[in-house]
2 protein chains.
Amino acid sequence: MYRTNTCGELRLANVGQTVTLAGWVQRSRDLGGMTFIDLRDRYGITQLAFNMETNAPLCEQARKLGREYVVQVTGKVIERSSKNSKIPTGEIEIEATDLQVLNAAKTPPFTIEDQSDGGDDLRMKYRYLDIRRNPVRRNLEMRHKMAMLVRNYLSDRNFLEIETPMLIKSTPEGARDFVVPSRMNPGEFYALPQSPQQYKQLLMVAGMDRYFQIVRCFRDEDLRADRQPEFTQIDCEMSFVHQEDVLNMFEGLSKHLFKEMKGIEFDKFPRMTWHDAMCLYGCDKPDLRFGMTFKEVTDVVKGHGFSLFDGSELVVGIVAEGCAEYTRKQLDALTDFVKRPQVGAGGMVYIKYNADGSFKSSVDKFYDAEALKAIADKMGAKPGDLMLLLCGPAMKTRAQLCALRLEMGNQLGLRDPQKFAPLWVIDFPLLEWDDETQRYYAMHHPFTAPKPEDEPLLDDPSRWGDIRANAYDIVMNGTEVGGGSIRIHDRTLQNKMFHTLGFTDEKAAAQFGFLMDAFTYGAPPHAGLAFGFDRLCSIFAGADSIRDFIAFPKNNAGRDVMSQSPAPISQEQLDELCIKVDVK
Amino acid sequence: MYRTNTCGELRLANVGQTVTLAGWVQRSRDLGGMTFIDLRDRYGITQLAFNMETNAPLCEQARKLGREYVVQVTGKVIERSSKNSKIPTGEIEIEATDLQVLNAAKTPPFTIEDQSDGGDDLRMKYRYLDIRRNPVRRNLEMRHKMAMLVRNYLSDRNFLEIETPMLIKSTPEGARDFVVPSRMNPGEFYALPQSPQQYKQLLMVAGMDRYFQIVRCFRDEDLRADRQPEFTQIDCEMSFVHQEDVLNMFEGLSKHLFKEMKGIEFDKFPRMTWHDAMCLYGCDKPDLRFGMTFKEVTDVVKGHGFSLFDGSELVVGIVAEGCAEYTRKQLDALTDFVKRPQVGAGGMVYIKYNADGSFKSSVDKFYDAEALKAIADKMGAKPGDLMLLLCGPAMKTRAQLCALRLEMGNQLGLRDPQKFAPLWVIDFPLLEWDDETQRYYAMHHPFTAPKPEDEPLLDDPSRWGDIRANAYDIVMNGTEVGGGSIRIHDRTLQNKMFHTLGFTDEKAAAQFGFLMDAFTYGAPPHAGLAFGFDRLCSIFAGADSIRDFIAFPKNNAGRDVMSQSPAPISQEQLDELCIKVDVK
């Protein structure tokens, strides 16, 4: 070892010991007679003291060290005269007697500090320097700890981690696959898994009963902000279980993580049907850190001559408590917010319920005080509150009001990243209509089981949109961190599902034939769930972006700017793979 | 839950309880008045009893169950009249009161028994049935347990598991990469990692100090028997360490695994230089479960008029203790063995040192008893032993004798798969000459450091073959299960190494530029090691093939015969990726 101790462990109790440390020069201060160096490693910072009087050559040498030099120092642990209470090693320093430069360093392109002066692009290009910074390092340490907790929790409950293949068969259903040309089978391709879905179901058929895997998955999608082409899932599947068993198991895991990582204990997580989530929050992943639930007032507002409301399928609003004092400027800004193309509302109606009991609204022309009072009563507003209303087609209006609610939550400081509000959303629709292709798609995936009581509706295409699935999401702070479903284990029902999704028998057989075959050899009832691990880490850390929880992320164009990947490959490689590049 | 208990847990203590079990029908016996069914799940087998007298309809129903049907049974735990001491649940049975068929099953294409009647191809096609068999299931359970032990051991020692990217840059050095066309960057490709080598070194530059990852790696090689295109490594790297520290750390991990998995405790693992391994065993991964080390007799055998020996660079042999009684037929078979093209020897010389002190050899024409005695003395043979000698160019002859030694070990039953002989092989050569391309290649990889005392030899191309590396392999029972090296952390030395390997500055920069850049910003001394996890599992289980330690392996043509992957992809997919298939 180049060291006897790390830079984070020495204390007053070690005073008098001779130690050797190795690490990076964080900073140095030359005070004439003394030179002090902060030596950093993953575990902390220890101050080194070089004395011009007692050892001038060594002190001279220390003065020449640049930032981020890698050095090895031997010396005696002594008590500091001026202590630093901000760091755990702040009561001691090392009186250096020997110094070896293990490696010099060029001046880094940005400061290795908690608040770096490096922009995102620079930090990504020199990611190996960025990781030296405490915030990034801590994220990766946290991720490791979370993964260990998950593995031990599940392993203690008889789950087996089983590795499934990365080179699998391409299935056009769903998102785009990344593909891998096979040299040994010219003209043929593997795909990288979007999830181990089929393999984990096969493992249930194989009797493996409780499976999990922390596993890399791949999706060749046009990257939105904070999406990565490769991401990590905590992928789980269980046999002989009902939905209740699955929810309890993974609620238990989530509580365990909250307790161990954050010291927070939860009672039972709340549950909400998809239908309620849509009506009360306008989305399937409500942020429950604050209330401000939707109040539908369609019937109350109609018949007052306000044609916009009169002609709307839905008029719905939220009550911002104590916000009756909002200024014209603030209200205009909110109107601008909902009119942004990303939100897409035509406008916004406000009603101030003033502290004195009077009303002021943007629709005073149509509604007198009595009418406004009726709306306020319906919405549960009280004097001092502000009501914000949107109108239009039901689902679109709800989505718009959802954006407005979250914006109000932000403005009012109701979305504290260190506060946690978990939620199960259950009873998702089985099928989702797609206007563009004029067909239904599986909302979760084609293996999700309908609720048994809704199964007969599969025979009536006009009712397909009403079929509820035994599917569930786990939501935290307005973000979906995981989801899953009870699977279909009956081949007849699975065939019916494929037909509903527009698969011919041939197409179903070609794509999922081996899974369908497997189902004829004794498939147990089974169900599963997958957490997005990158996202789960970011939520636990109270961070917005997943990027800093991934050691070497890619940018929004799918590029690794550090290694300059992807890149062209040689003609020889292309020839061996029997492919040609064909860029138009 | 569909069950209150598993099929492996009920005992006499549970007698009188009403339980529900779910599982697969292993077998059923119809004894007229009674029908017995063995119900199987991952945890064991429990006998179900159906009584024609007390519940005829239920018994009738039970009689109709086929093998591998999935059923749910409720009943009372009762003591068996005729107990089965071979299974843990053998003292009880379930007096069934309710039976639900959860899923019917077609007759499986092979028997779900420890010794199946299914051939390899059939087992792979129906792998989900194969995994139901105890031996395969136990292998996967063992693999899970090993992975957990590794993770907890390393995590307890401050190692962080850090996930590195799977979509990386292609580097032509080394084996062939699998590549992945990038849709978002037309004409460009990612590669799948052959190992996270560069990323783990970057993590050391990033100060992460102790890294590990149980990680999938990919190599597009022509598959020899028991090679897989995707395989799993336990990949590790440490900073501020010397070779001794690395060997101790991973010897500790290996001992921990032996103790926990096999109940075996080891003293210090033996160590052997690569040079000694080659001279004493003819290969760099000696099987130390038995001795039979090589004895060089070149100087003793020369000058007796036997031109084959006289003209050979090396004459070397082994002593098979107590084998002087080998028959002519046995000796001919050994000669045939060494003459097989896979071994490639021209012939074999034997000398029997008979129990009575006389000699009989295949070269009696040239060597009298005295001369043969001299050879026997040099080889340490005693009456009753058999000496087997090969001759020719030194390295080739050693490799041939290595094969003969292992064959003798097999014949004499000296290679017990339940006996374990670990070994460190150290001081590997840094460079390896390739006749075909007429250049040196890195034996380990281009980042491996030469031994400091051999570094000056880099300036003398005639001595390149003599340079020893700080590289080491961990060998068990004649199989390399892991290997690693001290890395070069100095850019100047790394550049010299690249030049030695025939890289131009441009080529080195294009391929490894970002790693070289990283080394200028304060790289610590570092070293690492990677275990082949699939192989490690098979060695611990005393098995020859890695295939049954992988849930869904591929065959020797890289195909998954279950999912029929790889497969052609759609024209639409090809167009989006801007590639064309070009099969000649």
# chains A, B, ... in the order shown; residues from 1 in each chain; ligands from 1
call {"tool": "residues_around", "arguments": {"residues": "A:Val71", "least_positions_apart": "3", "cutoff": "6 Å", "atoms": "only C-alpha atoms", "output": "list in words"}}
result
Ala22, Gly23, Gln100, Val101 and Leu102 of chain A
call {"tool": "write_last_selection", "arguments": {"atoms": "C-alpha atoms", "output": "tab-separated table (two decimals), in the first residue's frame"}}
result
chain	number	residue	atom	x	y	z
A	22	ALA	CA	-1.62	9.45	-0.56
A	23	GLY	CA	-4.01	11.63	-2.49
A	100	GLN	CA	6.91	11.90	-3.03
A	101	VAL	CA	5.24	13.16	-6.16
A	102	LEU	CA	3.49	10.08	-7.58
call {"tool": "residues_around", "arguments": {"residues": "stretch 225-227 of chain B", "least_positions_apart": "6", "cutoff": "8 Å", "atoms": "only C-alpha atoms", "output": "number ranges by chain"}}
result
B: 545-547, 556
call {"tool": "closest_residue", "arguments": {"among": "B:Asp30, B:Glu9, B:Glu188, B:Glu296", "to": "A:Ala567", "atoms": "only C-alpha atoms"}}
result
B:Glu188
call {"tool": "residues_around", "arguments": {"residues": "stretch 140-153 of chain B", "least_positions_apart": "6", "cutoff": "9 Å", "atoms": "only C-alpha atoms", "output": "ChimeraX atom specification"}}
result
/A:148,151-152,155,160-162 /B:131,159,161,212-214,234,253-254,256-257,260-261,533-534,537,541,548-551
call {"tool": "select_by_dssp", "arguments": {"residues": "stretch 264-382 of chain B", "states": "alpha helix (DSSP H)", "output": "ChimeraX atom specification"}}
result
/B:274-281,298-301,307-310,328-339,369-379
call {"tool": "write_last_selection", "arguments": {"atoms": "N, CA and C atoms", "output": "compact mmCIF listing (two decimals), in the first residue's frame"}}
result
# COMPACT_ATOMS: atom_id res chain seq x y z
N TRP B 274 5.61 -17.25 -14.01
CA TRP B 274 5.21 -17.77 -15.32
C TRP B 274 6.30 -18.69 -15.86
N HIS B 275 7.54 -18.28 -15.67
CA HIS B 275 8.67 -19.06 -16.17
C HIS B 275 8.69 -20.45 -15.53
N ASP B 276 8.53 -20.51 -14.22
CA ASP B 276 8.50 -21.82 -13.54
C ASP B 276 7.31 -22.65 -13.98
N ALA B 277 6.17 -21.99 -14.13
CA ALA B 277 4.96 -22.72 -14.55
C ALA B 277 5.21 -23.39 -15.90
N MET B 278 5.84 -22.65 -16.80
CA MET B 278 6.10 -23.20 -18.13
C MET B 278 7.10 -24.35 -18.05
N CYS B 279 8.14 -24.19 -17.22
CA CYS B 279 9.17 -25.23 -17.15
C CYS B 279 8.69 -26.46 -16.38
N LEU B 280 7.87 -26.26 -15.36
CA LEU B 280 7.47 -27.38 -14.50
C LEU B 280 6.17 -28.04 -14.96
N TYR B 281 5.31 -27.27 -15.65
CA TYR B 281 4.01 -27.81 -16.04
C TYR B 281 3.67 -27.58 -17.53
N THR B 298 17.63 -33.25 -20.93
CA THR B 298 18.34 -33.03 -22.20
C THR B 298 19.82 -33.41 -22.10
N ASP B 299 20.49 -32.93 -21.06
CA ASP B 299 21.93 -33.18 -20.96
C ASP B 299 22.23 -34.66 -20.65
N VAL B 300 21.37 -35.35 -19.95
CA VAL B 300 21.62 -36.75 -19.59
C VAL B 300 21.43 -37.69 -20.79
N VAL B 301 20.47 -37.33 -21.66
CA VAL B 301 20.12 -38.27 -22.74
C VAL B 301 20.99 -38.12 -23.97
N SER B 307 19.48 -40.13 -32.37
CA SER B 307 19.57 -38.84 -33.07
C SER B 307 18.40 -37.93 -32.75
N LEU B 308 17.24 -38.51 -32.48
CA LEU B 308 16.07 -37.69 -32.19
C LEU B 308 16.32 -36.84 -30.93
N PHE B 309 16.81 -37.49 -29.88
CA PHE B 309 17.15 -36.75 -28.66
C PHE B 309 18.35 -35.83 -28.89
N ASP B 310 19.37 -36.37 -29.58
CA ASP B 310 20.59 -35.59 -29.79
C ASP B 310 20.30 -34.28 -30.51
N ARG B 328 1.46 -52.70 -23.16
CA ARG B 328 1.81 -52.21 -24.49
C ARG B 328 0.65 -51.40 -25.08
N LYS B 329 -0.54 -51.94 -24.88
CA LYS B 329 -1.73 -51.29 -25.43
C LYS B 329 -1.93 -49.90 -24.81
N GLN B 330 -1.73 -49.85 -23.49
CA GLN B 330 -1.90 -48.55 -22.82
C GLN B 330 -0.86 -47.55 -23.32
N LEU B 331 0.37 -48.04 -23.49
CA LEU B 331 1.44 -47.14 -23.94
C LEU B 331 1.20 -46.70 -25.38
N ASP B 332 0.72 -47.62 -26.21
CA ASP B 332 0.40 -47.24 -27.59
C ASP B 332 -0.69 -46.18 -27.61
N ALA B 333 -1.67 -46.34 -26.72
CA ALA B 333 -2.76 -45.35 -26.66
C ALA B 333 -2.22 -43.98 -26.28
N LEU B 334 -1.25 -43.95 -25.35
CA LEU B 334 -0.65 -42.67 -24.96
C LEU B 334 0.12 -42.07 -26.13
N THR B 335 0.83 -42.93 -26.87
CA THR B 335 1.54 -42.43 -28.06
C THR B 335 0.56 -41.84 -29.06
N ASP B 336 -0.54 -42.56 -29.27
CA ASP B 336 -1.56 -42.04 -30.17
C ASP B 336 -2.09 -40.70 -29.67
N PHE B 337 -2.25 -40.62 -28.33
CA PHE B 337 -2.77 -39.37 -27.74
C PHE B 337 -1.86 -38.19 -28.08
N VAL B 338 -0.54 -38.37 -27.86
CA VAL B 338 0.36 -37.22 -28.10
C VAL B 338 0.52 -36.92 -29.58
N LYS B 339 0.21 -37.91 -30.42
CA LYS B 339 0.34 -37.68 -31.87
C LYS B 339 -0.91 -37.07 -32.49
N ALA B 369 21.08 -50.27 -19.26
CA ALA B 369 20.46 -50.12 -17.95
C ALA B 369 21.09 -48.96 -17.17
N GLU B 370 22.38 -48.81 -17.28
CA GLU B 370 23.07 -47.75 -16.56
C GLU B 370 22.61 -46.37 -17.02
N ALA B 371 22.52 -46.24 -18.34
CA ALA B 371 22.07 -44.95 -18.91
C ALA B 371 20.63 -44.66 -18.49
N LEU B 372 19.80 -45.72 -18.52
CA LEU B 372 18.40 -45.52 -18.12
C LEU B 372 18.30 -45.19 -16.63
N LYS B 373 19.19 -45.80 -15.84
CA LYS B 373 19.21 -45.51 -14.41
C LYS B 373 19.57 -44.02 -14.18
N ALA B 374 20.50 -43.54 -14.99
CA ALA B 374 20.90 -42.13 -14.87
C ALA B 374 19.72 -41.21 -15.16
N ILE B 375 18.96 -41.58 -16.20
CA ILE B 375 17.76 -40.77 -16.53
C ILE B 375 16.76 -40.85 -15.37
N ALA B 376 16.55 -42.09 -14.87
CA ALA B 376 15.59 -42.27 -13.77
C ALA B 376 16.02 -41.45 -12.56
N ASP B 377 17.31 -41.46 -12.26
CA ASP B 377 17.80 -40.69 -11.12
C ASP B 377 17.54 -39.20 -11.33
N LYS B 378 17.84 -38.75 -12.53
CA LYS B 378 17.63 -37.33 -12.84
C LYS B 378 16.15 -36.97 -12.70
N MET B 379 15.30 -37.92 -13.04
CA MET B 379 13.86 -37.64 -13.00
C MET B 379 13.25 -37.96 -11.63
call {"tool": "interface_residues", "arguments": {"of": "chain A", "to": "chain B", "cutoff": "6 Å", "atoms": "only C-alpha atoms", "output": "JSON, numbers by chain"}}
result
{"A": [1, 2, 68, 69, 70, 103, 104, 105, 106, 128, 129, 131, 132, 144, 160, 161, 169, 179, 180, 187, 188, 189, 190, 202, 206, 207, 240, 241, 242, 514, 520, 521, 522, 563, 565, 566, 567, 568, 578, 579, 580, 581, 582, 583]}
call {"tool": "residues_around", "arguments": {"residues": "B:Thr89", "least_positions_apart": "3", "cutoff": "8 Å", "atoms": "only C-alpha atoms", "output": "list in words"}}
result
Gly8, Glu9, Leu10, Arg11, Gly44, Ile45, Thr46, Ile92 and Glu93 of chain B
call {"tool": "decode", "arguments": {"residues": "stretch 266-294 of chain A", "atoms": "N, CA and C atoms", "output": "PDB file, in the first residue's frame"}}
result
ATOM      1  N   PHE A 266     -42.184   5.311   6.887  1.00  0.00           N
ATOM      2  CA  PHE A 266     -43.501   5.549   6.309  1.00  0.00           C
ATOM      3  C   PHE A 266     -44.526   4.563   6.853  1.00  0.00           C
ATOM      4  N   ASP A 267     -45.767   5.018   6.998  1.00  0.00           N
ATOM      5  CA  ASP A 267     -46.877   4.092   7.153  1.00  0.00           C
ATOM      6  C   ASP A 267     -47.169   3.514   5.775  1.00  0.00           C
ATOM      7  N   LYS A 268     -48.301   2.889   5.658  1.00  0.00           N
ATOM      8  CA  LYS A 268     -48.704   2.342   4.365  1.00  0.00           C
ATOM      9  C   LYS A 268     -48.731   3.449   3.302  1.00  0.00           C
ATOM     10  N   PHE A 269     -48.193   3.142   2.123  1.00  0.00           N
ATOM     11  CA  PHE A 269     -48.250   4.109   1.019  1.00  0.00           C
ATOM     12  C   PHE A 269     -49.704   4.279   0.581  1.00  0.00           C
ATOM     13  N   PRO A 270     -50.113   5.513   0.272  1.00  0.00           N
ATOM     14  CA  PRO A 270     -51.475   5.676  -0.262  1.00  0.00           C
ATOM     15  C   PRO A 270     -51.617   5.000  -1.631  1.00  0.00           C
ATOM     16  N   ARG A 271     -52.846   4.677  -1.983  1.00  0.00           N
ATOM     17  CA  ARG A 271     -53.134   4.098  -3.303  1.00  0.00           C
ATOM     18  C   ARG A 271     -54.225   4.919  -3.961  1.00  0.00           C
ATOM     19  N   MET A 272     -54.168   4.999  -5.258  1.00  0.00           N
ATOM     20  CA  MET A 272     -55.141   5.787  -6.006  1.00  0.00           C
ATOM     21  C   MET A 272     -55.368   5.097  -7.343  1.00  0.00           C
ATOM     22  N   THR A 273     -56.615   5.027  -7.782  1.00  0.00           N
ATOM     23  CA  THR A 273     -56.832   4.451  -9.113  1.00  0.00           C
ATOM     24  C   THR A 273     -56.357   5.447 -10.165  1.00  0.00           C
ATOM     25  N   TRP A 274     -56.024   4.900 -11.312  1.00  0.00           N
ATOM     26  CA  TRP A 274     -55.623   5.755 -12.442  1.00  0.00           C
ATOM     27  C   TRP A 274     -56.720   6.776 -12.723  1.00  0.00           C
ATOM     28  N   HIS A 275     -57.959   6.339 -12.648  1.00  0.00           N
ATOM     29  CA  HIS A 275     -59.075   7.222 -12.936  1.00  0.00           C
ATOM     30  C   HIS A 275     -59.118   8.401 -11.954  1.00  0.00           C
ATOM     31  N   ASP A 276     -58.953   8.099 -10.678  1.00  0.00           N
ATOM     32  CA  ASP A 276     -58.936   9.172  -9.686  1.00  0.00           C
ATOM     33  C   ASP A 276     -57.739  10.100  -9.881  1.00  0.00           C
ATOM     34  N   ALA A 277     -56.585   9.511 -10.190  1.00  0.00           N
ATOM     35  CA  ALA A 277     -55.383  10.329 -10.392  1.00  0.00           C
ATOM     36  C   ALA A 277     -55.604  11.309 -11.531  1.00  0.00           C
ATOM     37  N   MET A 278     -56.249  10.834 -12.610  1.00  0.00           N
ATOM     38  CA  MET A 278     -56.504  11.712 -13.746  1.00  0.00           C
ATOM     39  C   MET A 278     -57.493  12.813 -13.369  1.00  0.00           C
ATOM     40  N   CYS A 279     -58.549  12.462 -12.613  1.00  0.00           N
ATOM     41  CA  CYS A 279     -59.578  13.447 -12.286  1.00  0.00           C
ATOM     42  C   CYS A 279     -59.109  14.430 -11.208  1.00  0.00           C
ATOM     43  N   LEU A 280     -58.285  13.957 -10.287  1.00  0.00           N
ATOM     44  CA  LEU A 280     -57.889  14.821  -9.170  1.00  0.00           C
ATOM     45  C   LEU A 280     -56.583  15.565  -9.410  1.00  0.00           C
ATOM     46  N   TYR A 281     -55.730  15.024 -10.279  1.00  0.00           N
ATOM     47  CA  TYR A 281     -54.414  15.639 -10.486  1.00  0.00           C
ATOM     48  C   TYR A 281     -54.069  15.809 -11.978  1.00  0.00           C
ATOM     49  N   GLY A 282     -54.902  15.240 -12.849  1.00  0.00           N
ATOM     50  CA  GLY A 282     -54.685  15.440 -14.281  1.00  0.00           C
ATOM     51  C   GLY A 282     -53.545  14.642 -14.869  1.00  0.00           C
ATOM     52  N   CYS A 283     -52.984  13.712 -14.102  1.00  0.00           N
ATOM     53  CA  CYS A 283     -51.915  12.888 -14.656  1.00  0.00           C
ATOM     54  C   CYS A 283     -51.831  11.594 -13.865  1.00  0.00           C
ATOM     55  N   ASP A 284     -51.105  10.612 -14.419  1.00  0.00           N
ATOM     56  CA  ASP A 284     -51.017   9.302 -13.768  1.00  0.00           C
ATOM     57  C   ASP A 284     -49.850   9.219 -12.788  1.00  0.00           C
ATOM     58  N   LYS A 285     -49.211  10.352 -12.529  1.00  0.00           N
ATOM     59  CA  LYS A 285     -48.128  10.360 -11.531  1.00  0.00           C
ATOM     60  C   LYS A 285     -48.206  11.621 -10.689  1.00  0.00           C
ATOM     61  N   PRO A 286     -49.260  11.716  -9.877  1.00  0.00           N
ATOM     62  CA  PRO A 286     -49.474  12.944  -9.102  1.00  0.00           C
ATOM     63  C   PRO A 286     -48.372  13.188  -8.068  1.00  0.00           C
ATOM     64  N   ASP A 287     -48.027  14.446  -7.930  1.00  0.00           N
ATOM     65  CA  ASP A 287     -47.101  14.861  -6.880  1.00  0.00           C
ATOM     66  C   ASP A 287     -47.923  15.114  -5.620  1.00  0.00           C
ATOM     67  N   LEU A 288     -47.832  14.226  -4.641  1.00  0.00           N
ATOM     68  CA  LEU A 288     -48.657  14.326  -3.431  1.00  0.00           C
ATOM     69  C   LEU A 288     -47.970  15.107  -2.323  1.00  0.00           C
ATOM     70  N   ARG A 289     -46.878  15.783  -2.633  1.00  0.00           N
ATOM     71  CA  ARG A 289     -46.273  16.604  -1.591  1.00  0.00           C
ATOM     72  C   ARG A 289     -47.161  17.795  -1.245  1.00  0.00           C
ATOM     73  N   PHE A 290     -48.131  18.067  -2.130  1.00  0.00           N
ATOM     74  CA  PHE A 290     -49.084  19.137  -1.809  1.00  0.00           C
ATOM     75  C   PHE A 290     -50.448  18.759  -2.365  1.00  0.00           C
ATOM     76  N   GLY A 291     -51.496  19.436  -1.837  1.00  0.00           N
ATOM     77  CA  GLY A 291     -52.858  19.100  -2.213  1.00  0.00           C
ATOM     78  C   GLY A 291     -53.251  19.770  -3.519  1.00  0.00           C
ATOM     79  N   MET A 292     -54.071  20.805  -3.424  1.00  0.00           N
ATOM     80  CA  MET A 292     -54.489  21.560  -4.602  1.00  0.00           C
ATOM     81  C   MET A 292     -55.103  20.636  -5.654  1.00  0.00           C
ATOM     82  N   THR A 293     -55.988  19.746  -5.165  1.00  0.00           N
ATOM     83  CA  THR A 293     -56.626  18.805  -6.091  1.00  0.00           C
ATOM     84  C   THR A 293     -57.620  19.530  -7.001  1.00  0.00           C
ATOM     85  N   PHE A 294     -57.922  18.887  -8.108  1.00  0.00           N
ATOM     86  CA  PHE A 294     -58.807  19.473  -9.114  1.00  0.00           C
ATOM     87  C   PHE A 294     -60.244  19.514  -8.603  1.00  0.00           C
TER      88      PHE A 294
END
